[in-house]
>>> print(open('final_28.cif').read())   # mmCIF, C-alpha atoms
data_protein
loop_
_atom_site.label_atom_id
_atom_site.label_comp_id
_atom_site.auth_asym_id
_atom_site.auth_seq_id
_atom_site.Cartn_x
_atom_site.Cartn_y
_atom_site.Cartn_z
CA MET A 5 108.70 110.82 111.38
CA ILE A 6 108.05 114.38 112.63
CA VAL A 7 105.77 116.69 110.62
CA LEU A 8 106.35 120.37 111.41
CA THR A 9 103.40 121.92 109.56
CA CYS A 10 100.50 123.93 110.98
CA ALA A 11 100.10 122.44 114.44
CA GLY A 12 103.78 121.51 114.35
CA GLN A 13 104.57 125.23 114.61
CA ALA A 14 103.59 125.00 118.24
CA LEU A 15 106.97 123.43 118.86
CA LEU A 16 108.58 126.76 118.12
CA THR A 17 106.77 128.45 121.01
CA LEU A 18 107.79 125.93 123.66
CA THR A 19 110.31 126.75 126.32
CA LYS A 20 113.65 124.98 126.04
CA ARG A 21 112.69 122.75 128.94
CA HIS A 22 109.41 121.67 127.34
CA LEU A 23 111.04 121.16 123.96
CA LEU A 24 113.40 118.67 125.54
CA PHE A 25 110.45 116.75 126.96
CA VAL A 26 108.83 116.65 123.53
CA ILE A 27 112.00 115.43 121.83
CA TYR A 28 112.33 112.66 124.41
CA LEU A 29 108.84 111.53 123.59
CA VAL A 30 108.51 111.92 119.84
CA LEU A 31 111.83 110.62 118.58
CA PRO A 32 111.88 106.90 119.45
CA PHE A 33 114.70 106.38 116.97
CA PHE A 34 116.84 109.16 118.46
CA SER A 35 119.80 107.55 120.14
CA TYR A 36 122.42 110.08 121.15
CA CYS A 37 123.85 108.89 124.42
CA GLN A 38 123.15 112.12 126.31
CA TRP A 39 119.35 111.78 125.94
CA ASN A 40 117.01 109.92 128.25
CA TRP A 41 114.10 107.89 126.91
CA MET A 42 110.55 108.65 127.99
CA ASN A 43 108.52 106.46 125.62
CA PRO A 44 108.93 103.57 125.05
CA LEU A 45 110.83 102.45 128.16
CA PRO A 46 113.63 101.66 128.70
CA GLN A 47 114.19 102.48 125.00
CA GLY A 48 112.31 102.04 121.74
CA ASN A 49 114.73 100.96 119.04
CA HIS A 50 114.27 97.49 117.55
CA LEU A 51 116.56 94.98 119.27
CA GLN A 52 118.31 92.52 116.98
CA SER A 53 120.39 90.24 119.22
CA VAL A 54 120.87 89.28 122.86
CA ARG A 55 123.73 87.18 124.27
CA PHE A 56 125.04 86.36 127.74
CA ILE A 57 128.63 85.83 128.86
CA ASN A 58 127.56 84.10 132.07
CA PRO A 59 124.27 83.75 133.96
CA SER A 60 124.58 87.31 135.30
CA MET A 61 126.08 89.42 132.53
CA GLY A 62 124.58 89.90 129.09
CA PHE A 63 124.31 92.40 126.26
CA SER A 64 121.74 93.30 123.63
CA VAL A 65 122.17 95.40 120.49
CA GLY A 66 119.76 96.99 118.07
CA ASP A 67 118.86 99.86 115.80
CA GLY A 68 120.06 103.41 116.30
CA GLY A 69 123.34 102.35 117.91
CA THR A 70 121.56 100.72 120.84
CA VAL A 71 123.71 98.71 123.25
CA LEU A 72 122.16 97.42 126.49
CA LYS A 73 123.93 95.66 129.36
CA THR A 74 122.71 93.65 132.34
CA THR A 75 124.67 92.43 135.36
CA ASP A 76 121.78 90.84 137.26
CA GLY A 77 120.63 88.09 134.93
CA GLY A 78 118.47 90.36 132.80
CA GLN A 79 116.30 91.83 135.54
CA SER A 80 117.49 95.34 134.69
CA TRP A 81 119.33 96.82 131.69
CA ASN A 82 121.48 99.93 131.25
CA ARG A 83 122.18 101.74 128.00
CA LEU A 84 125.78 102.03 126.82
CA CYS A 85 127.17 104.45 124.26
CA ALA A 86 128.96 102.83 121.32
CA GLY A 87 129.37 106.22 119.65
CA THR A 88 127.25 105.47 116.60
CA LEU A 89 123.70 105.86 115.34
CA SER A 90 124.09 102.95 112.92
CA ASN A 91 121.86 99.91 113.28
CA LEU A 92 123.76 97.27 115.27
CA THR A 93 123.30 93.71 114.09
CA ALA A 94 125.30 91.27 116.25
CA LEU A 95 127.64 90.96 119.22
CA PHE A 96 130.24 88.66 120.74
CA PHE A 97 131.98 89.02 124.11
CA LEU A 98 135.09 87.02 125.01
CA ASN A 99 134.86 87.97 128.67
CA PRO A 100 133.17 90.67 130.79
CA ASP A 101 135.62 93.30 129.51
CA THR A 102 136.39 92.48 125.88
CA GLY A 103 133.65 92.37 123.29
CA TYR A 104 132.61 93.33 119.79
CA VAL A 105 129.41 94.63 118.22
CA THR A 106 128.75 94.98 114.51
CA SER A 107 126.79 97.43 112.44
CA GLU A 108 125.90 97.24 108.79
CA ASN A 109 129.40 98.35 107.75
CA TYR A 110 131.58 98.67 110.86
CA LEU A 111 132.82 96.77 113.90
CA PHE A 112 133.16 98.27 117.36
CA LYS A 113 135.39 96.89 120.13
CA THR A 114 135.42 97.48 123.87
CA THR A 115 138.03 96.41 126.42
CA ASP A 116 136.32 97.87 129.48
CA GLY A 117 132.91 96.24 129.50
CA GLY A 118 131.26 98.68 127.12
CA ILE A 119 132.28 102.01 128.64
CA ASN A 120 134.49 102.96 125.70
CA TRP A 121 134.49 101.69 122.10
CA THR A 122 136.81 101.86 119.10
CA MET A 123 135.53 101.62 115.52
CA SER A 124 137.01 99.62 112.66
CA THR A 125 137.47 100.78 109.11
CA TYR A 126 134.59 100.60 106.65
CA TYR A 127 133.52 97.24 105.17
CA TRP A 128 131.33 96.97 102.10
CA GLY A 129 128.19 94.91 102.66
CA MET A 130 126.08 94.23 105.72
CA ILE A 131 127.79 92.45 108.64
CA SER A 132 125.39 89.88 110.11
CA ASP A 133 127.30 87.87 112.74
CA ILE A 134 130.63 87.71 114.56
CA TRP A 135 132.41 84.97 116.50
CA PHE A 136 135.80 84.62 118.23
CA THR A 137 137.60 81.34 118.94
CA ASP A 138 140.22 82.96 121.23
CA ASN A 139 141.46 86.42 122.18
CA ASP A 140 143.19 86.91 118.85
CA THR A 141 141.23 84.91 116.28
CA GLY A 142 137.79 85.92 115.14
CA TYR A 143 135.47 85.87 112.13
CA PHE A 144 132.57 87.89 110.81
CA CYS A 145 130.22 87.25 107.92
CA GLY A 146 127.53 89.23 106.20
CA GLU A 147 125.15 89.81 103.35
CA TYR A 148 125.55 91.16 99.83
CA GLY A 149 128.80 89.33 99.20
CA THR A 150 130.57 90.30 102.43
CA GLY A 151 131.96 86.75 102.67
CA LEU A 152 133.96 85.55 105.68
CA TYR A 153 136.50 87.90 107.20
CA LYS A 154 139.15 86.82 109.71
CA THR A 155 141.36 88.54 112.28
CA THR A 156 144.40 87.08 114.02
CA ASN A 157 145.26 90.14 116.10
CA GLY A 158 142.16 90.72 118.19
CA GLY A 159 140.28 92.73 115.60
CA THR A 160 142.98 95.29 114.79
CA THR A 161 142.93 94.20 111.15
CA TRP A 162 140.65 91.91 109.16
CA ILE A 163 141.20 90.14 105.86
CA MET A 164 138.76 88.24 103.68
CA SER A 165 139.38 84.60 104.52
CA THR A 166 137.08 82.93 102.04
CA SER A 167 133.77 83.24 100.30
CA ILE A 168 131.03 81.14 101.85
CA PRO A 169 129.06 79.69 98.91
CA THR A 170 126.15 82.06 99.48
CA SER A 171 125.58 85.76 98.86
CA GLU A 172 123.99 86.20 102.29
CA CYS A 173 125.52 84.74 105.45
CA THR A 174 123.21 85.50 108.37
CA SER A 175 124.66 83.45 111.23
CA LEU A 176 127.76 81.53 112.39
CA PHE A 177 128.12 78.70 114.88
CA PHE A 178 131.48 77.22 115.95
CA ILE A 179 132.06 73.66 117.14
CA ASP A 180 135.79 74.29 117.55
CA ALA A 181 138.45 76.47 115.96
CA GLN A 182 138.43 74.44 112.75
CA THR A 183 134.86 73.18 112.47
CA PHE A 184 132.01 75.63 112.15
CA TYR A 185 128.86 76.38 110.19
CA GLY A 186 127.50 79.36 108.32
CA ILE A 187 123.87 79.93 107.42
CA GLY A 188 122.83 81.58 104.21
CA ALA A 189 119.30 82.49 103.26
CA MET A 190 118.88 79.25 101.35
CA GLY A 191 121.42 76.86 102.89
CA ILE A 192 123.68 75.67 105.71
CA TYR A 193 127.39 75.45 104.94
CA LYS A 194 130.14 73.65 106.87
CA THR A 195 133.91 73.94 107.09
CA THR A 196 136.33 71.61 108.88
CA ASN A 197 139.53 73.52 108.10
CA GLY A 198 138.93 76.94 109.60
CA GLY A 199 136.94 78.29 106.71
CA ASN A 200 139.38 77.52 103.91
CA THR A 201 136.87 75.32 102.09
CA TRP A 202 133.13 74.73 102.49
CA VAL A 203 130.56 72.09 101.68
CA THR A 204 126.81 72.57 101.43
CA SER A 205 125.33 70.77 104.42
CA PHE A 206 121.66 71.59 103.80
CA GLN A 207 119.67 73.24 101.04
CA ALA A 208 116.68 75.18 102.38
CA PRO A 209 113.14 74.79 100.99
CA VAL A 210 112.06 77.52 98.60
CA ASN A 211 109.31 78.86 100.90
CA GLY A 212 111.54 80.04 103.73
CA PHE A 213 114.84 81.66 104.69
CA LEU A 214 117.20 80.24 107.28
CA THR A 215 117.81 82.66 110.13
CA ASP A 216 119.68 81.13 113.07
CA LEU A 217 121.72 78.07 114.10
CA TYR A 218 122.45 76.30 117.40
CA PHE A 219 124.39 73.11 118.21
CA THR A 220 124.04 71.32 121.55
CA THR A 221 126.76 68.74 120.74
CA PRO A 222 129.22 68.41 117.83
CA ASP A 223 126.69 66.09 116.17
CA THR A 224 123.32 67.62 117.09
CA GLY A 225 122.27 70.98 115.75
CA TYR A 226 119.17 73.00 114.87
CA ALA A 227 118.33 75.81 112.50
CA SER A 228 115.33 78.15 112.40
CA CYS A 229 113.54 79.25 109.24
CA THR A 230 111.08 82.02 108.37
CA GLY A 231 108.85 79.52 106.55
CA GLY A 232 107.64 78.08 109.85
CA MET A 233 110.25 75.34 109.89
CA ILE A 234 112.91 73.97 112.24
CA VAL A 235 115.57 71.70 110.78
CA ARG A 236 117.70 69.27 112.81
CA THR A 237 120.81 67.18 112.33
CA THR A 238 122.05 64.38 114.58
CA ASP A 239 125.05 63.40 112.42
CA ALA A 240 127.15 66.57 112.31
CA GLY A 241 125.32 68.04 109.36
CA SER A 242 125.44 65.06 106.99
CA THR A 243 121.64 64.90 106.93
CA TRP A 244 118.87 67.17 108.19
CA SER A 245 115.20 66.56 109.00
CA VAL A 246 112.55 69.26 108.59
CA GLN A 247 109.65 70.00 110.95
CA SER A 248 106.95 72.39 109.77
CA PHE A 249 104.70 74.61 111.91
CA GLY A 250 102.85 76.55 109.21
CA ASP A 251 104.19 79.13 106.82
CA THR A 252 102.71 82.07 108.74
CA ILE A 253 105.32 81.59 111.49
CA GLN A 254 108.62 83.38 110.98
CA PHE A 255 111.21 81.74 113.22
CA ARG A 256 114.00 84.27 113.81
CA SER A 257 116.06 82.76 116.62
CA ILE A 258 116.75 79.38 118.22
CA CYS A 259 118.63 78.37 121.36
CA PHE A 260 118.90 75.55 123.90
CA SER A 261 119.31 75.72 127.66
CA ASP A 262 120.56 72.11 127.78
CA GLN A 263 120.78 69.19 125.37
CA SER A 264 117.07 68.39 125.74
CA THR A 265 115.40 71.77 126.22
CA GLY A 266 115.26 74.31 123.45
CA PHE A 267 113.32 77.34 122.24
CA ALA A 268 112.51 78.74 118.81
CA ALA A 269 111.11 82.26 118.64
CA GLY A 270 109.82 84.72 116.06
CA GLY A 271 106.39 85.84 115.01
CA THR A 272 103.75 86.00 112.33
CA TRP A 273 103.44 88.28 109.32
CA THR A 274 101.32 90.55 111.53
CA ASN A 275 104.24 90.76 114.00
CA THR A 276 102.61 88.78 116.83
CA GLY A 277 105.38 87.03 118.78
CA TYR A 278 105.53 83.26 119.32
CA ILE A 279 107.79 80.91 121.28
CA TYR A 280 107.96 77.16 120.69
CA LYS A 281 109.64 74.84 123.20
CA THR A 282 111.02 71.31 123.09
CA THR A 283 111.94 69.12 126.04
CA ASP A 284 112.95 66.02 124.05
CA SER A 285 115.87 67.28 121.95
CA GLY A 286 113.69 68.56 119.15
CA ASN A 287 111.61 65.45 118.51
CA SER A 288 108.49 67.47 119.33
CA TRP A 289 107.75 71.16 119.89
CA PHE A 290 104.82 72.91 121.55
CA LEU A 291 103.62 76.51 121.46
CA MET A 292 104.08 78.39 124.73
CA PRO A 293 100.76 79.85 125.99
CA ILE A 294 101.85 83.48 126.32
CA ALA A 295 100.69 86.71 124.66
CA ILE A 296 103.43 88.68 122.90
CA THR A 297 102.37 91.53 120.67
CA ASP A 298 105.72 92.24 118.99
CA LEU A 299 107.95 90.18 116.71
CA ILE A 300 110.80 88.43 118.55
CA SER A 301 114.24 88.87 116.99
CA SER A 302 116.39 87.00 119.51
CA ILE A 303 116.02 84.52 122.37
CA CYS A 304 118.71 83.51 124.83
CA PHE A 305 118.85 81.26 127.90
CA PRO A 306 121.93 81.97 130.05
CA ASP A 307 120.93 79.14 132.41
CA PRO A 308 118.21 76.46 132.38
CA SER A 309 115.74 78.68 134.26
CA THR A 310 116.43 82.18 132.96
CA GLY A 311 115.45 83.32 129.47
CA ILE A 312 115.44 86.67 127.68
CA ILE A 313 113.62 87.63 124.50
CA ALA A 314 114.14 90.87 122.57
CA GLY A 315 112.56 92.33 119.47
CA GLN A 316 110.52 95.07 117.87
CA TYR A 317 110.09 98.53 119.45
CA GLY A 318 112.62 97.67 122.16
CA MET A 319 110.50 94.79 123.43
CA MET A 320 112.19 92.75 126.18
CA MET A 321 110.77 90.02 128.38
CA ARG A 322 112.32 87.73 130.99
CA SER A 323 111.43 84.26 132.20
CA ALA A 324 112.60 82.77 135.49
CA ASP A 325 110.84 79.40 135.13
CA SER A 326 112.29 77.83 131.98
CA GLY A 327 110.07 79.81 129.65
CA MET A 328 106.70 78.90 131.15
CA THR A 329 105.87 82.51 132.05
CA TRP A 330 107.41 85.79 130.92
CA ASN A 331 107.50 89.22 132.57
CA ALA A 332 107.79 92.41 130.53
CA LEU A 333 110.94 94.47 130.96
CA SER A 334 109.77 97.16 128.54
CA SER A 335 106.62 99.23 128.06
CA HIS A 336 105.21 101.86 125.76
CA LEU A 337 102.19 104.13 125.61
CA THR A 338 102.18 103.99 121.82
CA ILE A 339 104.33 102.95 118.90
CA LYS A 340 102.61 105.36 116.53
CA ASP A 341 104.41 108.33 114.97
CA LEU A 342 103.95 111.53 117.00
CA TYR A 343 103.67 114.82 115.17
CA SER A 344 102.93 117.81 117.41
CA ALA A 345 103.08 119.03 121.00
CA HIS A 346 101.74 121.94 123.05
CA PHE A 347 102.02 122.88 126.74
CA ILE A 348 99.27 125.02 128.26
CA ASN A 349 101.29 125.71 131.43
CA SER A 350 104.52 124.60 133.05
CA ASN A 351 103.13 121.18 133.96
CA THR A 352 100.35 120.28 131.52
CA GLY A 353 101.05 119.36 127.92
CA PHE A 354 99.67 117.31 125.05
CA VAL A 355 101.21 115.40 122.15
CA THR A 356 99.26 114.22 119.10
CA GLY A 357 100.11 111.72 116.40
CA ASP A 358 99.11 109.03 113.96
CA ALA A 359 95.86 107.04 114.24
CA GLY A 360 94.24 109.59 116.55
CA VAL A 361 96.83 109.33 119.31
CA ILE A 362 96.71 111.94 122.07
CA LEU A 363 99.09 111.81 125.04
CA LYS A 364 98.89 114.04 128.10
CA THR A 365 101.26 114.95 130.91
CA ALA A 366 100.36 116.75 134.13
CA ASP A 367 103.85 116.73 135.69
CA ALA A 368 106.03 118.58 133.18
CA GLY A 369 106.62 115.52 131.04
CA ASN A 370 107.80 113.06 133.68
CA THR A 371 104.84 110.76 133.07
CA TRP A 372 102.29 110.52 130.25
CA SER A 373 98.87 108.96 129.75
CA THR A 374 96.68 108.34 126.71
CA VAL A 375 93.57 110.42 126.04
CA PRO A 376 90.73 109.05 123.85
CA SER A 377 90.35 111.14 120.70
CA GLY A 378 87.36 109.48 119.06
CA THR A 379 89.13 109.24 115.70
CA SER A 380 91.66 107.06 113.91
CA GLU A 381 92.79 109.88 111.63
CA PRO A 382 96.29 111.41 111.98
CA LEU A 383 96.32 114.39 114.33
CA LEU A 384 98.83 116.89 113.09
#
>>> encode(input="final_28.cif", output="structure tokens")
Amino acid sequence: MIVLTCAGQALLTLTKRHLLFVIYLVLPFFSYCQWNWMNPLPQGNHLQSVRFINPSMGFSVGDGGTVLKTTDGGQSWNRLCAGTLSNLTALFFLNPDTGYVTSENYLFKTTDGGINWTMSTYYWGMISDIWFTDNDTGYFCGEYGTGLYKTTNGGTTWIMSTSIPTSECTSLFFIDAQTFYGIGAMGIYKTTNGGNTWVTSFQAPVNGFLTDLYFTTPDTGYASCTGGMIVRTTDAGSTWSVQSFGDTIQFRSICFSDQSTGFAAGGTWTNTGYIYKTTDSGNSWFLMPIAITDLISSICFPDPSTGIIAGQYGMMMRSADSGMTWNALSSHLTIKDLYSAHFINSNTGFVTGDAGVILKTADAGNTWSTVPSGTSEPLL
């Protein structure tokens, strides 16, 4: 939020060059593709999902039309332009060239690795997840009665295939073209005939919402839950067992790097991130001893050693040792709202904001540092 009152009038006196620097810094949600981020780095929109096609190439999507791509196993990420400012919710790539990302009401398709995108027609409801079984056949589901939509022509047209017996479908997982699962806020649902009919596989406890699903074999699968729970099946969804880790933990994402080793990630109500790991196929889980200050939205392991987590404020971290240690791929001086800016010469400028934040540059906005203000009041 930008407040242009009193001190905010200083923006009107800045040169065009300095105004650009200020806009880079004070609009962390601003996502037009021709702008370069200055804080946070490499960008500051919340990231919602991360998936890899192979150990080298992966994509991440998030708020403000954010699409990121890596070709070196997640060591570095480049921003792509999907041509939208909508919040992006999910992605699925068939190969390095052809992929789809979803927003709350639209789908976007690329056939050149993310350089160019085409947009679908409008869909009522919020699209939550997308999955393709081959080049032509794909499905997406969503919240608020979106149901299950299907394409048989590579996403050119979509029709409503069926209604999953839940008003909110948050995630899909396919065993094969006919057998797959859908998660709703309060249950797990299974189809064995391509989505024509569904059965309720699991009914969630009342103190949590199911968020993500992962199967390591056709029989063995896991689901994460915001109520600090992980549920597991070893008989293709006929029965599920529940493991509880305390209701302050919000598990948002779950994945496995092999049949024995898995990770469940999320955070607490205060947004501190947590990662739990199993090495015995989910019989036991232990908390990873790492400090993560932001809520984790998605975790992915493209190979047994390499892991990526993504989440709030553009947070990204990478592990190269099976999740034992994690290195930050993102950074920020502050996540507070910034309100006003003033340059005293061509190189030196200041920005002020919420909770007493003062930032200073001495090199025309290329780099910034924090300055103690001695107050926690908003500086307008």
>>> resolve_selection(input="final_28.cif", expression="the PyMOL selection byres ((chain A and resi 118) around 10)", output="number ranges by chain")
A: 63, 71-73, 83-86, 100-105, 112-117, 119-121
>>> atom_distance(input="final_28.cif", atom1="atom CA of His346 of chain A", atom2="atom CA of Gly48 of chain A")
22.6 Å
>>> residues_around(input="final_28.cif", residues="segment 219-223 of chain A", least_positions_apart="6", cutoff="10 Å", atoms="only C-alpha atoms", output="list in words")
Phe177, Phe178, Ile179, Asp180, Thr183, Phe184, Tyr185, Arg236, Thr237, Thr238, Asp239, Ala240, Gly241, Ser242, Ile258, Cys259, Phe260, Ser261, Asp262, Gln263, Ser264, Thr265, Gly266 and Ser285 of chain A
>>> write_last_selection(input="final_28.cif", atoms="C-alpha atoms", output="mmCIF file, keeping the file's coordinate frame")
data_model
loop_
_atom_site.group_PDB
_atom_site.id
_atom_site.type_symbol
_atom_site.label_atom_id
_atom_site.label_comp_id
_atom_site.auth_asym_id
_atom_site.auth_seq_id
_atom_site.Cartn_x
_atom_site.Cartn_y
_atom_site.Cartn_z
ATOM 1 C CA PHE A 177 128.120 78.700 114.880
ATOM 2 C CA PHE A 178 131.480 77.220 115.950
ATOM 3 C CA ILE A 179 132.060 73.660 117.140
ATOM 4 C CA ASP A 180 135.790 74.290 117.550
ATOM 5 C CA THR A 183 134.860 73.180 112.470
ATOM 6 C CA PHE A 184 132.010 75.630 112.150
ATOM 7 C CA TYR A 185 128.860 76.380 110.190
ATOM 8 C CA ARG A 236 117.700 69.270 112.810
ATOM 9 C CA THR A 237 120.810 67.180 112.330
ATOM 10 C CA THR A 238 122.050 64.380 114.580
ATOM 11 C CA ASP A 239 125.050 63.400 112.420
ATOM 12 C CA ALA A 240 127.150 66.570 112.310
ATOM 13 C CA GLY A 241 125.320 68.040 109.360
ATOM 14 C CA SER A 242 125.440 65.060 106.990
ATOM 15 C CA ILE A 258 116.750 79.380 118.220
ATOM 16 C CA CYS A 259 118.630 78.370 121.360
ATOM 17 C CA PHE A 260 118.900 75.550 123.900
ATOM 18 C CA SER A 261 119.310 75.720 127.660
ATOM 19 C CA ASP A 262 120.560 72.110 127.780
ATOM 20 C CA GLN A 263 120.780 69.190 125.370
ATOM 21 C CA SER A 264 117.070 68.390 125.740
ATOM 22 C CA THR A 265 115.400 71.770 126.220
ATOM 23 C CA GLY A 266 115.260 74.310 123.450
ATOM 24 C CA SER A 285 115.870 67.280 121.950
#
>>> residues_around(input="final_28.cif", residues="Trp128 of chain A", least_positions_apart="3", cutoff="12 Å", atoms="only C-alpha atoms", output="CSV table (one decimal) with C-alpha atoms, keeping the file's coordinate frame")
chain,number,residue,atom,x,y,z
A,107,SER,CA,126.8,97.4,112.4
A,108,GLU,CA,125.9,97.2,108.8
A,109,ASN,CA,129.4,98.4,107.8
A,110,TYR,CA,131.6,98.7,110.9
A,111,LEU,CA,132.8,96.8,113.9
A,125,THR,CA,137.5,100.8,109.1
A,131,ILE,CA,127.8,92.4,108.6
A,145,CYS,CA,130.2,87.2,107.9
A,146,GLY,CA,127.5,89.2,106.2
A,147,GLU,CA,125.2,89.8,103.4
A,148,TYR,CA,125.6,91.2,99.8
A,149,GLY,CA,128.8,89.3,99.2
A,150,THR,CA,130.6,90.3,102.4
A,151,GLY,CA,132.0,86.8,102.7
A,153,TYR,CA,136.5,87.9,107.2
A,164,MET,CA,138.8,88.2,103.7
>>> closest_residue(input="final_28.cif", among="A:Gln47, A:Thr161, A:Asn349, A:Gln79", to="Gly66 of chain A", atoms="all atoms listed in the file")
A:Gln47
>>> residues_around(input="final_28.cif", residues="Ala268 of chain A", least_positions_apart="3", cutoff="8 Å", atoms="all atoms listed in the file", output="list in words")
Ser228, Phe255, Arg256, Ser257, Ile258, Cys259, Ile279, Tyr280, Lys281 and Ile303 of chain A
>>> resolve_selection(input="final_28.cif", expression="the PyMOL selection byres ((chain A and resi 376) around 8)", output="list in words")
Val361, Ile362, Thr374, Val375, Ser377 and Gly378 of chain A
>>> atom_distance(input="final_28.cif", atom1="atom CA of Val355 of chain A", atom2="atom CA of Asn82 of chain A")
27.1 Å
>>> resolve_selection(input="final_28.cif", expression="the PyMOL selection byres ((chain A and resi 209) around 9)", output="PyMOL selection string")
chain A and resi 190-191+207-208+210-213+231
>>> atom_distance(input="final_28.cif", atom1="atom CA of Ala368 of chain A", atom2="atom CA of Thr356 of chain A")
16.2 Å
>>> residues_around(input="final_28.cif", residues="Thr75 of chain A", least_positions_apart="2", cutoff="9 Å", atoms="only C-alpha atoms", output="MDAnalysis selection string")
chainID A and resid 59:62 73 77:81
>>> write_last_selection(input="final_28.cif", atoms="C-alpha atoms", output="PDB file, in the frame of the given file")
ATOM      1  CA  PRO A  59     124.270  83.750 133.960  1.00  0.00           C
ATOM      2  CA  SER A  60     124.580  87.310 135.300  1.00  0.00           C
ATOM      3  CA  MET A  61     126.080  89.420 132.530  1.00  0.00           C
ATOM      4  CA  GLY A  62     124.580  89.900 129.090  1.00  0.00           C
ATOM      5  CA  LYS A  73     123.930  95.660 129.360  1.00  0.00           C
ATOM      6  CA  GLY A  77     120.630  88.090 134.930  1.00  0.00           C
ATOM      7  CA  GLY A  78     118.470  90.360 132.800  1.00  0.00           C
ATOM      8  CA  GLN A  79     116.300  91.830 135.540  1.00  0.00           C
ATOM      9  CA  SER A  80     117.490  95.340 134.690  1.00  0.00           C
ATOM     10  CA  TRP A  81     119.330  96.820 131.690  1.00  0.00           C
TER      11      TRP A  81
END
>>> residues_around(input="final_28.cif", residues="Tyr317 of chain A", least_positions_apart="3", cutoff="12 Å", atoms="only C-alpha atoms", output="VMD selection string")
chain A and resid 32 to 33 43 to 52 66 to 68 70 275 297 to 301 314 320 334 to 340
>>> write_last_selection(input="final_28.cif", atoms="C-alpha atoms", output="PDB file, in the frame of the given file")
ATOM      1  CA  PRO A  32     111.880 106.900 119.450  1.00  0.00           C
ATOM      2  CA  PHE A  33     114.700 106.380 116.970  1.00  0.00           C
ATOM      3  CA  ASN A  43     108.520 106.460 125.620  1.00  0.00           C
ATOM      4  CA  PRO A  44     108.930 103.570 125.050  1.00  0.00           C
ATOM      5  CA  LEU A  45     110.830 102.450 128.160  1.00  0.00           C
ATOM      6  CA  PRO A  46     113.630 101.660 128.700  1.00  0.00           C
ATOM      7  CA  GLN A  47     114.190 102.480 125.000  1.00  0.00           C
ATOM      8  CA  GLY A  48     112.310 102.040 121.740  1.00  0.00           C
ATOM      9  CA  ASN A  49     114.730 100.960 119.040  1.00  0.00           C
ATOM     10  CA  HIS A  50     114.270  97.490 117.550  1.00  0.00           C
ATOM     11  CA  LEU A  51     116.560  94.980 119.270  1.00  0.00           C
ATOM     12  CA  GLN A  52     118.310  92.520 116.980  1.00  0.00           C
ATOM     13  CA  GLY A  66     119.760  96.990 118.070  1.00  0.00           C
ATOM     14  CA  ASP A  67     118.860  99.860 115.800  1.00  0.00           C
ATOM     15  CA  GLY A  68     120.060 103.410 116.300  1.00  0.00           C
ATOM     16  CA  THR A  70     121.560 100.720 120.840  1.00  0.00           C
ATOM     17  CA  ASN A 275     104.240  90.760 114.000  1.00  0.00           C
ATOM     18  CA  THR A 297     102.370  91.530 120.670  1.00  0.00           C
ATOM     19  CA  ASP A 298     105.720  92.240 118.990  1.00  0.00           C
ATOM     20  CA  LEU A 299     107.950  90.180 116.710  1.00  0.00           C
ATOM     21  CA  ILE A 300     110.800  88.430 118.550  1.00  0.00           C
ATOM     22  CA  SER A 301     114.240  88.870 116.990  1.00  0.00           C
ATOM     23  CA  ALA A 314     114.140  90.870 122.570  1.00  0.00           C
ATOM     24  CA  MET A 320     112.190  92.750 126.180  1.00  0.00           C
ATOM     25  CA  SER A 334     109.770  97.160 128.540  1.00  0.00           C
ATOM     26  CA  SER A 335     106.620  99.230 128.060  1.00  0.00           C
ATOM     27  CA  HIS A 336     105.210 101.860 125.760  1.00  0.00           C
ATOM     28  CA  LEU A 337     102.190 104.130 125.610  1.00  0.00           C
ATOM     29  CA  THR A 338     102.180 103.990 121.820  1.00  0.00           C
ATOM     30  CA  ILE A 339     104.330 102.950 118.900  1.00  0.00           C
ATOM     31  CA  LYS A 340     102.610 105.360 116.530  1.00  0.00           C
TER      32      LYS A 340
END
>>> closest_residue(input="final_28.cif", among="A:Ser302, A:Thr204, A:Pro382, A:Thr195", to="Ala94 of chain A", atoms="only C-alpha atoms")
A:Ser302
>>> closest_residue(input="final_28.cif", among="A:Ala269, A:Ala227, A:Ala332, A:Leu342", to="Gly286 of chain A", atoms="all atoms listed in the file")
A:Ala227
